[in-house]
file target-v3.cif (mmCIF, C-alpha atoms and all ligand atoms)
data_upload
#
loop_
_atom_site.label_atom_id
_atom_site.label_comp_id
_atom_site.auth_asym_id
_atom_site.auth_seq_id
_atom_site.Cartn_x
_atom_site.Cartn_y
_atom_site.Cartn_z
CA MET Z 959 -2.48 -31.98 35.13
CA GLY Z 960 -5.65 -33.55 33.64
CA GLU Z 961 -8.69 -34.54 35.70
CA ASN Z 962 -7.29 -33.66 39.11
CA GLY Z 963 -5.71 -30.30 38.38
CA TRP Z 964 -7.16 -26.89 39.25
CA LEU Z 965 -8.51 -26.24 35.76
CA ASN Z 966 -11.79 -28.17 35.82
CA GLU Z 967 -12.66 -26.84 39.24
CA TYR Z 968 -11.86 -23.30 38.16
CA LEU Z 969 -13.93 -23.55 34.97
CA GLU Z 970 -16.87 -24.97 36.85
CA ALA Z 971 -16.79 -22.21 39.48
CA GLU Z 972 -16.42 -19.44 36.91
CA MET Z 973 -19.26 -20.79 34.75
CA ALA Z 974 -21.49 -21.07 37.82
CA ASP Z 975 -20.73 -17.39 38.54
CA ILE Z 976 -21.62 -16.38 34.99
CA ALA Z 977 -24.84 -18.39 35.12
CA ALA Z 978 -25.75 -16.84 38.50
CA THR Z 979 -25.53 -13.32 37.02
CA GLY Z 980 -27.85 -14.40 34.19
CA ARG Z 981 -25.16 -13.44 31.64
CA LEU Z 982 -24.43 -16.83 30.16
CA ARG Z 983 -23.91 -16.28 26.43
CA LEU Z 984 -24.81 -18.83 23.80
CA PRO Z 985 -24.53 -17.82 20.15
CA ARG Z 986 -27.40 -18.69 17.85
CA THR Z 987 -26.38 -20.65 14.76
CA VAL Z 988 -27.01 -19.35 11.24
CA SER Z 989 -27.37 -22.13 8.68
CA ALA Z 990 -28.34 -20.13 5.57
CA ALA Z 991 -28.48 -16.47 4.58
CA ASP Z 992 -29.98 -14.40 1.80
CA GLY Z 993 -29.02 -10.89 2.87
CA PRO Z 994 -30.80 -10.15 6.16
CA ARG Z 995 -33.18 -13.08 5.58
CA VAL Z 996 -31.55 -15.91 7.48
CA ILE Z 997 -32.25 -19.35 8.82
CA VAL Z 998 -31.27 -19.48 12.48
CA ASP Z 999 -31.59 -22.54 14.68
CA GLY Z 1000 -33.77 -23.99 11.90
CA ARG Z 1001 -36.05 -20.95 11.79
CA ARG Z 1002 -36.64 -18.39 9.01
CA ILE Z 1003 -36.12 -14.92 10.43
CA VAL Z 1004 -35.23 -11.34 9.41
CA SER Z 1005 -32.02 -10.11 10.99
CA PHE Z 1006 -31.85 -6.56 12.32
CA CYS Z 1007 -28.59 -7.16 14.16
CA SER Z 1008 -25.82 -7.82 11.66
CA ASN Z 1009 -23.24 -5.22 10.63
CA ASP Z 1010 -23.86 -5.92 6.94
CA TYR Z 1011 -25.08 -2.33 6.57
CA LEU Z 1012 -24.82 -2.24 2.79
CA GLY Z 1013 -26.14 -5.73 2.14
CA LEU Z 1014 -22.85 -6.63 0.44
CA ALA Z 1015 -22.15 -9.89 2.30
CA GLY Z 1016 -24.44 -11.76 -0.08
CA GLU Z 1017 -23.74 -9.75 -3.22
CA PRO Z 1018 -23.20 -12.24 -6.10
CA SER Z 1019 -20.43 -10.33 -7.88
CA ILE Z 1020 -18.48 -10.09 -4.61
CA ARG Z 1021 -18.90 -13.80 -4.00
CA ARG Z 1022 -17.61 -14.45 -7.52
CA ALA Z 1023 -14.56 -12.24 -6.87
CA ALA Z 1024 -13.81 -14.25 -3.72
CA SER Z 1025 -14.25 -17.55 -5.59
CA ALA Z 1026 -11.92 -16.46 -8.38
CA ALA Z 1027 -9.28 -15.52 -5.79
CA VAL Z 1028 -9.54 -18.94 -4.15
CA GLU Z 1029 -9.06 -20.57 -7.55
CA ALA Z 1030 -6.02 -18.44 -8.30
CA PHE Z 1031 -4.27 -18.29 -4.91
CA GLY Z 1032 -5.88 -20.83 -2.60
CA ALA Z 1033 -7.54 -20.18 0.73
CA GLY Z 1034 -4.59 -18.90 2.74
CA ALA Z 1035 -1.62 -16.52 2.47
CA THR Z 1036 0.70 -19.35 3.74
CA ALA Z 1037 2.94 -17.05 5.81
CA SER Z 1038 3.10 -13.81 7.71
CA ARG Z 1039 3.43 -10.68 5.61
CA LEU Z 1040 7.14 -10.19 6.38
CA ILE Z 1041 8.13 -13.75 5.51
CA SER Z 1042 6.43 -14.66 2.22
CA GLY Z 1043 2.78 -13.81 2.83
CA THR Z 1044 2.62 -10.44 1.05
CA HIS Z 1045 0.65 -10.77 -2.18
CA ALA Z 1046 0.04 -8.15 -4.84
CA SER Z 1047 -3.61 -8.04 -3.78
CA HIS Z 1048 -2.63 -6.92 -0.24
CA LEU Z 1049 -0.81 -3.93 -1.69
CA GLU Z 1050 -3.70 -3.20 -4.03
CA LEU Z 1051 -6.14 -3.25 -1.09
CA GLU Z 1052 -3.90 -0.90 0.90
CA ARG Z 1053 -3.58 1.54 -2.00
CA ARG Z 1054 -7.30 1.42 -2.70
CA PHE Z 1055 -8.24 2.29 0.89
CA ALA Z 1056 -5.63 5.03 1.11
CA ARG Z 1057 -6.89 6.65 -2.09
CA CYS Z 1058 -10.53 6.22 -1.14
CA LEU Z 1059 -9.99 7.97 2.20
CA GLY Z 1060 -7.56 10.62 0.96
CA TYR Z 1061 -4.38 9.37 2.67
CA PRO Z 1062 -0.94 8.53 1.28
CA ALA Z 1063 -0.72 4.93 2.53
CA GLY Z 1064 -2.48 2.00 4.13
CA LEU Z 1065 -1.57 -1.28 5.84
CA CYS Z 1066 -3.75 -4.41 6.10
CA PHE Z 1067 -4.32 -6.20 9.37
CA GLY Z 1068 -6.01 -9.51 10.03
CA SER Z 1069 -9.03 -7.85 11.63
CA GLY Z 1070 -10.13 -4.63 13.28
CA TYR Z 1071 -9.23 -6.14 16.62
CA HIS Z 1072 -5.68 -6.78 15.39
CA ALA Z 1073 -5.49 -3.30 13.89
CA ASN Z 1074 -6.32 -1.48 17.12
CA LEU Z 1075 -4.04 -3.69 19.20
CA GLY Z 1076 -1.23 -3.29 16.69
CA LEU Z 1077 -1.62 0.45 16.19
CA LEU Z 1078 -1.91 1.44 19.85
CA GLY Z 1079 0.62 -1.16 20.95
CA ALA Z 1080 3.19 0.25 18.53
CA LEU Z 1081 2.54 3.98 18.97
CA ALA Z 1082 2.09 4.18 22.74
CA GLY Z 1083 4.50 3.06 25.43
CA ASP Z 1084 4.83 3.28 29.20
CA ASP Z 1085 5.82 6.94 28.83
CA SER Z 1086 2.64 7.81 26.89
CA VAL Z 1087 -0.85 8.92 27.83
CA VAL Z 1088 -3.83 7.73 25.81
CA TYR Z 1089 -7.10 9.69 26.01
CA SER Z 1090 -10.00 7.41 25.20
CA ASP Z 1091 -13.76 7.96 24.85
CA ALA Z 1092 -15.70 6.08 27.56
CA ALA Z 1093 -17.66 4.17 24.92
CA ASN Z 1094 -14.67 3.01 22.86
CA HIS Z 1095 -14.60 -0.59 21.63
CA ALA Z 1096 -12.91 -3.38 23.59
CA SER Z 1097 -10.15 -3.65 20.97
CA ILE Z 1098 -9.15 -0.04 21.68
CA ILE Z 1099 -9.22 -0.66 25.44
CA ASP Z 1100 -7.10 -3.78 25.01
CA GLY Z 1101 -4.68 -1.91 22.71
CA ILE Z 1102 -4.12 0.69 25.42
CA ARG Z 1103 -3.58 -2.04 28.03
CA LEU Z 1104 -1.09 -3.80 25.79
CA SER Z 1105 0.84 -0.56 25.24
CA LYS Z 1106 1.27 -0.02 29.01
CA ALA Z 1107 0.45 3.66 28.49
CA ALA Z 1108 -1.40 5.65 31.14
CA LYS Z 1109 -5.09 5.79 30.30
CA ARG Z 1110 -7.45 8.77 30.69
CA ILE Z 1111 -11.09 8.08 29.96
CA TYR Z 1112 -13.15 11.10 28.94
CA ARG Z 1113 -16.95 11.10 29.12
CA HIS Z 1114 -18.65 9.86 25.99
CA ARG Z 1115 -18.40 12.51 23.23
CA ASP Z 1116 -17.41 15.14 25.81
CA ALA Z 1117 -14.71 17.33 24.25
CA ALA Z 1118 -14.77 19.72 27.22
CA HIS Z 1119 -13.92 16.85 29.57
CA LEU Z 1120 -11.14 15.78 27.23
CA ALA Z 1121 -9.76 19.34 27.24
CA GLU Z 1122 -9.71 19.29 31.06
CA LEU Z 1123 -7.78 16.02 31.09
CA LEU Z 1124 -5.30 17.27 28.48
CA GLU Z 1125 -4.79 20.46 30.48
CA GLY Z 1126 -4.23 18.35 33.60
CA ASP Z 1127 -1.10 16.58 32.33
CA ARG Z 1128 0.79 19.14 30.34
CA THR Z 1129 4.22 17.59 30.77
CA THR Z 1130 3.72 14.27 29.05
CA SER Z 1131 5.64 13.64 25.84
CA ARG Z 1132 3.66 11.21 23.64
CA ARG Z 1133 -0.07 11.81 23.84
CA ILE Z 1134 -2.72 10.06 21.82
CA ILE Z 1135 -6.43 10.74 21.50
CA VAL Z 1136 -8.41 7.74 20.27
CA THR Z 1137 -12.09 7.54 19.39
CA GLU Z 1138 -14.58 5.68 17.29
CA SER Z 1139 -16.36 7.91 14.79
CA LEU Z 1140 -19.78 6.20 14.63
CA PHE Z 1141 -20.04 4.42 17.97
CA SER Z 1142 -20.84 0.74 17.76
CA MET Z 1143 -23.26 0.43 20.68
CA ASP Z 1144 -24.63 3.98 21.00
CA GLY Z 1145 -25.04 4.73 17.29
CA ASP Z 1146 -23.96 8.36 17.71
CA VAL Z 1147 -20.92 10.17 16.29
CA ALA Z 1148 -17.82 11.70 17.87
CA PRO Z 1149 -17.35 15.50 17.87
CA LEU Z 1150 -14.43 14.99 15.54
CA ALA Z 1151 -13.76 18.61 14.54
CA GLU Z 1152 -13.45 19.53 18.24
CA LEU Z 1153 -11.20 16.56 18.95
CA ALA Z 1154 -9.02 17.55 16.00
CA GLU Z 1155 -8.71 21.08 17.39
CA LEU Z 1156 -7.73 19.73 20.82
CA ALA Z 1157 -5.20 17.36 19.27
CA ARG Z 1158 -3.64 20.29 17.45
CA ARG Z 1159 -3.63 22.55 20.50
CA TYR Z 1160 -2.10 19.97 22.83
CA GLY Z 1161 0.21 18.27 20.35
CA ALA Z 1162 -1.55 14.92 20.61
CA ALA Z 1163 -1.82 12.31 17.87
CA LEU Z 1164 -5.41 11.56 16.85
CA LEU Z 1165 -6.54 8.04 15.89
CA VAL Z 1166 -10.05 7.35 14.60
CA ASP Z 1167 -11.71 3.95 14.39
CA GLU Z 1168 -14.26 4.05 11.55
CA ALA Z 1169 -15.32 0.38 11.86
CA HIS Z 1170 -19.02 1.29 11.68
CA ALA Z 1171 -18.71 4.57 9.76
CA PHE Z 1172 -17.07 3.32 6.59
CA GLY Z 1173 -19.82 2.74 4.05
CA THR Z 1174 -22.46 4.36 6.26
CA VAL Z 1175 -21.41 7.91 7.20
CA GLY Z 1176 -20.92 10.82 4.81
CA ASP Z 1177 -22.36 11.67 1.43
CA ALA Z 1178 -19.77 9.45 -0.23
CA GLY Z 1179 -20.05 6.76 2.48
CA ARG Z 1180 -16.34 7.10 3.20
CA GLY Z 1181 -16.64 7.78 6.90
CA LEU Z 1182 -16.54 10.84 9.11
CA VAL Z 1183 -12.89 11.86 8.64
CA HIS Z 1184 -13.36 11.99 4.86
CA GLU Z 1185 -16.75 13.70 5.18
CA LEU Z 1186 -15.30 16.47 7.36
CA GLY Z 1187 -12.06 16.68 5.34
CA LEU Z 1188 -9.98 16.10 8.48
CA GLN Z 1189 -7.22 14.00 6.90
CA LYS Z 1190 -4.56 16.55 7.87
CA ALA Z 1191 -5.66 16.46 11.51
CA VAL Z 1192 -6.27 12.73 11.92
CA ASP Z 1193 -3.03 10.73 12.01
CA ALA Z 1194 -4.53 7.29 11.42
CA VAL Z 1195 -7.90 5.89 10.46
CA VAL Z 1196 -8.85 2.27 11.16
CA VAL Z 1197 -11.33 0.75 8.73
CA THR Z 1198 -12.62 -2.78 9.18
CA CYS Z 1199 -13.69 -4.97 6.29
CA GLY Z 1200 -16.06 -7.21 8.25
CA LYS Z 1201 -18.89 -4.72 8.66
CA ALA Z 1202 -20.28 -2.63 5.81
CA LEU Z 1203 -17.87 -4.30 3.40
CA GLY Z 1204 -19.23 -7.73 4.28
CA SER Z 1205 -15.79 -9.39 4.20
CA TYR Z 1206 -12.98 -9.77 6.74
CA GLY Z 1207 -9.84 -7.88 7.67
CA ALA Z 1208 -8.92 -4.27 8.38
CA VAL Z 1209 -6.75 -1.48 7.04
CA VAL Z 1210 -4.99 1.33 8.89
CA VAL Z 1211 -4.49 4.38 6.68
CA GLY Z 1212 -2.09 7.23 7.38
CA SER Z 1213 1.26 8.56 6.20
CA GLU Z 1214 3.92 6.52 4.39
CA ARG Z 1215 6.08 6.98 7.47
CA LEU Z 1216 3.39 5.55 9.75
CA ARG Z 1217 2.95 2.58 7.44
CA ALA Z 1218 6.69 1.83 7.39
CA PHE Z 1219 6.84 2.12 11.19
CA LEU Z 1220 3.90 -0.27 11.69
CA VAL Z 1221 5.45 -2.80 9.29
CA ASN Z 1222 8.48 -2.85 11.58
CA ARG Z 1223 6.94 -2.43 15.01
CA SER Z 1224 3.33 -3.57 15.04
CA ARG Z 1225 3.22 -7.02 16.64
CA THR Z 1226 -0.23 -7.90 15.31
CA PHE Z 1227 1.02 -7.16 11.81
CA ILE Z 1228 4.33 -8.99 12.15
CA PHE Z 1229 3.41 -12.14 14.06
CA THR Z 1230 0.35 -13.35 12.18
CA THR Z 1231 -0.50 -14.85 8.81
CA GLY Z 1232 -1.38 -12.46 5.97
CA LEU Z 1233 -5.03 -11.93 5.05
CA PRO Z 1234 -6.41 -14.75 2.86
CA ALA Z 1235 -6.78 -13.91 -0.85
CA PRO Z 1236 -10.57 -14.47 -1.03
CA SER Z 1237 -11.15 -11.98 1.82
CA VAL Z 1238 -8.92 -9.43 0.12
CA ALA Z 1239 -10.64 -9.92 -3.25
CA ALA Z 1240 -14.09 -9.63 -1.66
CA THR Z 1241 -13.09 -6.42 0.10
CA ILE Z 1242 -11.75 -4.88 -3.11
CA ALA Z 1243 -14.96 -5.81 -4.94
CA ALA Z 1244 -17.01 -4.35 -2.08
CA LEU Z 1245 -14.98 -1.12 -2.24
CA ASP Z 1246 -16.09 -0.74 -5.87
CA PHE Z 1247 -19.69 -0.73 -4.60
CA VAL Z 1248 -19.01 1.82 -1.87
CA GLU Z 1249 -17.22 4.13 -4.30
CA ARG Z 1250 -20.19 4.07 -6.69
CA GLY Z 1251 -22.33 5.38 -3.82
CA GLU Z 1252 -25.58 3.63 -4.64
CA VAL Z 1253 -25.62 1.14 -1.75
CA THR Z 1254 -24.96 3.89 0.80
CA ARG Z 1255 -27.87 5.88 -0.64
CA ARG Z 1256 -30.09 2.79 -0.40
CA LEU Z 1257 -29.07 2.36 3.25
CA ARG Z 1258 -29.85 6.00 3.95
CA ALA Z 1259 -33.30 5.60 2.37
CA ASN Z 1260 -33.99 2.63 4.67
CA VAL Z 1261 -32.86 4.56 7.74
CA GLU Z 1262 -35.17 7.45 6.76
CA CYS Z 1263 -38.02 5.04 6.06
CA PHE Z 1264 -37.65 3.48 9.51
CA GLY Z 1265 -37.68 6.88 11.28
CA ARG Z 1266 -40.66 8.10 9.26
CA ARG Z 1267 -42.70 4.98 9.90
CA LEU Z 1268 -41.97 5.11 13.63
CA ARG Z 1269 -43.25 8.70 13.79
CA GLU Z 1270 -46.30 7.88 11.68
CA ARG Z 1271 -47.10 5.02 14.05
CA GLY Z 1272 -47.09 7.39 17.02
CA PHE Z 1273 -43.60 7.05 18.52
CA ARG Z 1274 -42.62 10.49 19.79
CA ASP Z 1275 -39.06 9.91 20.98
CA VAL Z 1276 -37.40 8.94 17.71
CA ARG Z 1277 -33.72 9.66 17.08
CA VAL Z 1278 -32.88 7.63 14.04
CA THR Z 1279 -30.03 9.20 12.08
CA TRP Z 1280 -27.59 6.36 11.52
CA PRO Z 1281 -28.03 2.64 10.83
CA ILE Z 1282 -27.20 1.71 14.45
CA VAL Z 1283 -30.29 2.30 16.57
CA PRO Z 1284 -30.03 1.52 20.29
CA ILE Z 1285 -33.20 1.08 22.30
CA VAL Z 1286 -32.07 1.39 25.91
CA ILE Z 1287 -34.19 -0.74 28.20
CA GLY Z 1288 -32.04 -0.63 31.34
CA SER Z 1289 -32.38 -3.99 33.07
CA GLU Z 1290 -30.68 -7.04 31.64
CA GLU Z 1291 -33.71 -9.31 32.15
CA ALA Z 1292 -36.18 -6.92 30.51
CA THR Z 1293 -33.82 -6.49 27.57
CA MET Z 1294 -33.57 -10.23 27.00
CA VAL Z 1295 -37.35 -10.62 27.34
CA ALA Z 1296 -37.93 -7.92 24.70
CA SER Z 1297 -35.39 -9.57 22.40
CA ARG Z 1298 -37.15 -12.93 22.81
CA ARG Z 1299 -40.58 -11.45 22.10
CA LEU Z 1300 -39.28 -9.84 18.90
CA TRP Z 1301 -37.73 -13.19 17.98
CA GLU Z 1302 -41.12 -14.83 18.38
CA ARG Z 1303 -42.41 -12.30 15.82
CA GLY Z 1304 -39.75 -13.31 13.28
CA LEU Z 1305 -37.29 -10.51 14.02
CA TRP Z 1306 -33.74 -11.02 15.23
CA ILE Z 1307 -32.47 -8.15 17.38
CA GLN Z 1308 -29.86 -9.03 19.97
CA GLY Z 1309 -29.98 -7.72 23.48
CA ILE Z 1310 -26.68 -6.12 24.50
CA ARG Z 1311 -25.68 -6.42 28.15
CA PRO Z 1312 -22.67 -5.71 30.37
CA PRO Z 1313 -19.74 -5.96 29.95
CA THR Z 1314 -20.35 -4.81 26.34
CA VAL Z 1315 -22.28 -1.81 27.71
CA ALA Z 1316 -22.34 -0.17 31.16
CA PRO Z 1317 -24.54 -1.78 33.85
CA GLY Z 1318 -28.06 -0.34 33.84
CA THR Z 1319 -27.88 0.53 30.12
CA SER Z 1320 -28.74 -2.86 28.63
CA ARG Z 1321 -30.35 -2.36 25.30
CA LEU Z 1322 -31.63 -3.74 22.07
CA ARG Z 1323 -29.15 -2.85 19.36
CA LEU Z 1324 -30.99 -2.66 16.10
CA THR Z 1325 -29.16 -2.21 12.81
CA LEU Z 1326 -30.55 -1.34 9.41
CA SER Z 1327 -29.18 -2.54 6.10
CA ALA Z 1328 -29.50 -1.51 2.47
CA GLY Z 1329 -30.63 -5.13 2.01
CA HIS Z 1330 -33.86 -4.75 4.04
CA HIS Z 1331 -37.13 -4.49 2.14
CA GLU Z 1332 -39.66 -1.84 3.08
CA VAL Z 1333 -42.20 -4.48 4.18
CA GLU Z 1334 -39.62 -5.84 6.62
CA ILE Z 1335 -39.07 -2.39 8.09
CA ALA Z 1336 -42.86 -1.97 8.37
CA ALA Z 1337 -43.10 -5.33 10.18
CA LEU Z 1338 -40.32 -4.23 12.52
CA VAL Z 1339 -42.21 -1.05 13.45
CA GLU Z 1340 -45.40 -3.03 14.20
CA ALA Z 1341 -43.46 -5.50 16.33
CA LEU Z 1342 -41.86 -2.64 18.29
CA VAL Z 1343 -45.34 -1.23 18.99
CA GLU Z 1344 -46.48 -4.63 20.32
CA VAL Z 1345 -43.37 -5.43 22.36
CA LEU Z 1346 -42.27 -2.00 23.66
CA GLY Z 1347 -45.22 0.34 23.10
CA ILE Z 1348 -45.07 3.77 21.48
CA GLU Z 1349 -43.66 5.41 24.62
CA ALA Z 1350 -40.30 3.70 24.03
CA ALA Z 1351 -37.35 5.93 23.11
CA ILE Z 1352 -35.93 4.75 19.80
CA GLY Z 1353 -32.40 5.82 18.98
CA SER Z 1354 -29.42 7.21 20.81
CA ALA Z 1355 -31.06 8.68 23.87
CA GLU Z 1356 -28.95 10.03 26.72
CA ILE Z 1357 -27.03 7.02 27.91
CA VAL Z 1358 -26.54 7.13 31.69
CA ASP Z 1359 -23.33 5.75 33.13
C1 LIG Y 1 -16.05 -4.58 15.32
C2 LIG Y 1 -15.13 -3.53 15.77
C3 LIG Y 1 -13.75 -3.72 15.74
C4 LIG Y 1 -13.15 -5.06 15.44
O1 LIG Y 1 -13.20 -5.34 14.09
P1 LIG Y 1 -13.10 -6.86 13.60
O2 LIG Y 1 -12.64 -6.76 12.21
O3 LIG Y 1 -14.47 -7.43 13.76
O4 LIG Y 1 -12.11 -7.52 14.49
C5 LIG Y 1 -12.93 -2.67 16.06
N1 LIG Y 1 -13.44 -1.47 16.42
C6 LIG Y 1 -14.77 -1.26 16.47
C7 LIG Y 1 -15.27 0.09 16.86
C8 LIG Y 1 -15.65 -2.28 16.16
O5 LIG Y 1 -16.95 -2.09 16.26
#
call {"tool": "encode", "arguments": {"input": "target-v3.cif", "output": "structure tokens"}}
result
Amino acid sequence: MGENGWLNEYLEAEMADIAATGRLRLPRTVSAADGPRVIVDGRRIVSFCSNDYLGLAGEPSIRRAASAAVEAFGAGATASRLISGTHASHLELERRFARCLGYPAGLCFGSGYHANLGLLGALAGDDSVVYSDAANHASIIDGIRLSKAAKRIYRHRDAAHLAELLEGDRTTSRRIIVTESLFSMDGDVAPLAELAELARRYGAALLVDEAHAFGTVGDAGRGLVHELGLQKAVDAVVVTCGKALGSYGAVVVGSERLRAFLVNRSRTFIFTTGLPAPSVAATIAALDFVERGEVTRRLRANVECFGRRLRERGFRDVRVTWPIVPIVIGSEEATMVASRRLWERGLWIQGIRPPTVAPGTSRLRLTLSAGHHEVEIAALVEALVEVLGIEAAIGSAEIVD
């Protein structure tokens, strides 16, 4: 096709459309990192927008574990898991996660995106109905699409609405409720005990994505399902390794039977190369940190410090409970202006716009890490006063949709 085909014309028209909506996205480039202190586009800046909640991405002992694994096994698994790409360390990682979360078994996936696609794609079919929280992550939405199941969206965290929808289609055979536990863009948590009760009452399977909750939620930092002791009610938990664990990959934990089924039916498990050894080794080393509990406590202290300092500085509308703190601005332009003004003050906080969030709810998404120093949190509070003023609502306010 080349020069004269439809492709160039199509790309040009689509990009012009994106530019016209003001939503052109260009990633900034990180060239060096020391925890949240990074050099971006040649500039020294403190990041308040990574998912490295526990500050483990730069932890020296974890880096050493990854290096040792490269030395021993090389950089890649060399094949998909079912051909010759299953290493002992994959099985160790799966057992470690299962034990840590209180489940019989686990199965690694290449990433959280793969895990949700592979789990929903295997469990649901065109005869199924999937009930999904309105704020669920794109990988869950895409998993439902891939499965060809009917989709029912219930209002964000609204168990009563979910009950209505479940009541509305009594006859369906395979029903699945799927939710995040700590929501990635709203920073609030699902009413999991209520969802578990509904799943039981209506005979639905319950899947929980703990991408942001593992390492951050619960006294032991093991996520919401573990914290509430809901292992019997929750059929599968998805944990990603690229967030609080500072590595890459994901694990689905559940029953032995579920694991065996996914090994045989999950396309994103079967048709992709196994996780690389250094990622697996880094995740296992990071799990040691989570299980000792200290990094989660340090994160919690930073979250509390941020909330306290905001109140002391005069902010009245402060809802800072978890390390994800949305500041809803509303308009896309105003959000990007606020983000730029914080950037000019040495603070990196990305603006989040549609389609990641609903139109009219553009926001700054601020994340705290165990790796932040108190002076950095203090500087953040001062910058928020200057850029937004003390009338701003900080934290998961009512999100309109
Ligand atoms: C980030 C994220 C994923 C995807 O995980 P990756 O390992 O980054 O692919 C899945 N679900 C949720 C809720 C997420 O926030």
call {"tool": "residues_around", "arguments": {"input": "target-v3.cif", "residues": "Arg1223 of chain Z", "least_positions_apart": "3", "cutoff": "6 Å", "atoms": "all atoms listed in the file", "output": "ChimeraX atom specification"}}
result
/Z:1080,1219-1220
call {"tool": "atom_distance", "arguments": {"input": "target-v3.cif", "atom1": "atom CA of Ser1005 of chain Z", "atom2": "atom CA of Gly1329 of chain Z"}}
result
10.4 Å
call {"tool": "residues_near_ligand", "arguments": {"input": "target-v3.cif", "ligand": "ligand LIG 1 (chain Y)", "cutoff": "6 Å", "atoms": "only C-alpha atoms and all ligand atoms", "output": "number ranges by chain"}}
result
Z: 1069-1071, 1095, 1097, 1138, 1142, 1167, 1169, 1198, 1200, 1207-1208
call {"tool": "atom_distance", "arguments": {"input": "target-v3.cif", "atom1": "atom CA of Phe1067 of chain Z", "atom2": "atom CA of Thr1231 of chain Z"}}
result
9.5 Å
call {"tool": "closest_residue", "arguments": {"input": "target-v3.cif", "among": "Z:Val1333, Z:Leu1326, Z:Val1088, Z:Leu1012", "to": "Leu1245 of chain Z", "atoms": "all atoms listed in the file"}}
result
Z:Leu1012
call {"tool": "residues_around", "arguments": {"input": "target-v3.cif", "residues": "Ser1320 of chain Z", "least_positions_apart": "5", "cutoff": "8 Å", "atoms": "only C-alpha atoms", "output": "PyMOL selection string"}}
result
chain Z and resi 1286-1290+1293+1309-1312+1315
call {"tool": "write_last_selection", "arguments": {"input": "target-v3.cif", "atoms": "C-alpha atoms", "output": "PDB file, in the coordinates of the input"}}
result
ATOM      1  CA  VAL Z1286     -32.070   1.390  25.910  1.00  0.00           C
ATOM      2  CA  ILE Z1287     -34.190  -0.740  28.200  1.00  0.00           C
ATOM      3  CA  GLY Z1288     -32.040  -0.630  31.340  1.00  0.00           C
ATOM      4  CA  SER Z1289     -32.380  -3.990  33.070  1.00  0.00           C
ATOM      5  CA  GLU Z1290     -30.680  -7.040  31.640  1.00  0.00           C
ATOM      6  CA  THR Z1293     -33.820  -6.490  27.570  1.00  0.00           C
ATOM      7  CA  GLY Z1309     -29.980  -7.720  23.480  1.00  0.00           C
ATOM      8  CA  ILE Z1310     -26.680  -6.120  24.500  1.00  0.00           C
ATOM      9  CA  ARG Z1311     -25.680  -6.420  28.150  1.00  0.00           C
ATOM     10  CA  PRO Z1312     -22.670  -5.710  30.370  1.00  0.00           C
ATOM     11  CA  VAL Z1315     -22.280  -1.810  27.710  1.00  0.00           C
TER      12      VAL Z1315
END
call {"tool": "residues_near_point", "arguments": {"input": "target-v3.cif", "point": "(-9.9, -3.5, 25.8)", "cutoff": "12 Å", "atoms": "only C-alpha atoms", "output": "list in words"}}
result
Tyr1071, His1072, Asn1074, Leu1075, Leu1078, Gly1079, Ser1090, Ala1092, Ala1093, Asn1094, His1095, Ala1096, Ser1097, Ile1098, Ile1099, Asp1100, Gly1101, Ile1102, Arg1103, Leu1104, Ser1105, Lys1109, Pro1313 and Thr1314 of chain Z
call {"tool": "residues_around", "arguments": {"input": "target-v3.cif", "residues": "Ala1154 of chain Z", "least_positions_apart": "5", "cutoff": "8 Å", "atoms": "all atoms listed in the file", "output": "list in words"}}
result
Leu1164, Leu1188, Ala1191 and Val1192 of chain Z
call {"tool": "atom_distance", "arguments": {"input": "target-v3.cif", "atom1": "atom CA of Ala990 of chain Z", "atom2": "atom CA of Gly1016 of chain Z"}}
result
10.8 Å
call {"tool": "residues_around", "arguments": {"input": "target-v3.cif", "residues": "Trp1306 of chain Z", "least_positions_apart": "3", "cutoff": "9 Å", "atoms": "all atoms listed in the file", "output": "ChimeraX atom specification"}}
result
/Z:1003-1007,1297-1298,1300-1303,1324
call {"tool": "write_last_selection", "arguments": {"input": "target-v3.cif", "atoms": "C-alpha atoms", "output": "compact mmCIF listing (two decimals), keeping the file's coordinate frame"}}
result
# COMPACT_ATOMS: atom_id res chain seq x y z
CA ILE Z 1003 -36.12 -14.92 10.43
CA VAL Z 1004 -35.23 -11.34 9.41
CA SER Z 1005 -32.02 -10.11 10.99
CA PHE Z 1006 -31.85 -6.56 12.32
CA CYS Z 1007 -28.59 -7.16 14.16
CA SER Z 1297 -35.39 -9.57 22.40
CA ARG Z 1298 -37.15 -12.93 22.81
CA LEU Z 1300 -39.28 -9.84 18.90
CA TRP Z 1301 -37.73 -13.19 17.98
CA GLU Z 1302 -41.12 -14.83 18.38
CA ARG Z 1303 -42.41 -12.30 15.82
CA LEU Z 1324 -30.99 -2.66 16.10
call {"tool": "residues_near_point", "arguments": {"input": "target-v3.cif", "point": "(-32.6, 5.4, 22.5)", "cutoff": "6 Å", "atoms": "only C-alpha atoms", "output": "PyMOL selection string"}}
result
chain Z and resi 1284-1286+1351-1355
call {"tool": "closest_residue", "arguments": {"input": "target-v3.cif", "among": "Z:Thr987, Z:Thr1319, Z:Thr1174, Z:Thr1044", "to": "Glu1249 of chain Z", "atoms": "only C-alpha atoms"}}
result
Z:Thr1174
call {"tool": "closest_residue", "arguments": {"input": "target-v3.cif", "among": "Z:Gly1272, Z:Gly1176, Z:Pro1317, Z:Gly1083", "to": "Arg1133 of chain Z", "atoms": "only C-alpha atoms"}}
result
Z:Gly1083
call {"tool": "closest_residue", "arguments": {"input": "target-v3.cif", "among": "Z:Arg1057, Z:Thr1129, Z:Arg1021, Z:Arg1321", "to": "His1184 of chain Z", "atoms": "all atoms listed in the file"}}
result
Z:Arg1057
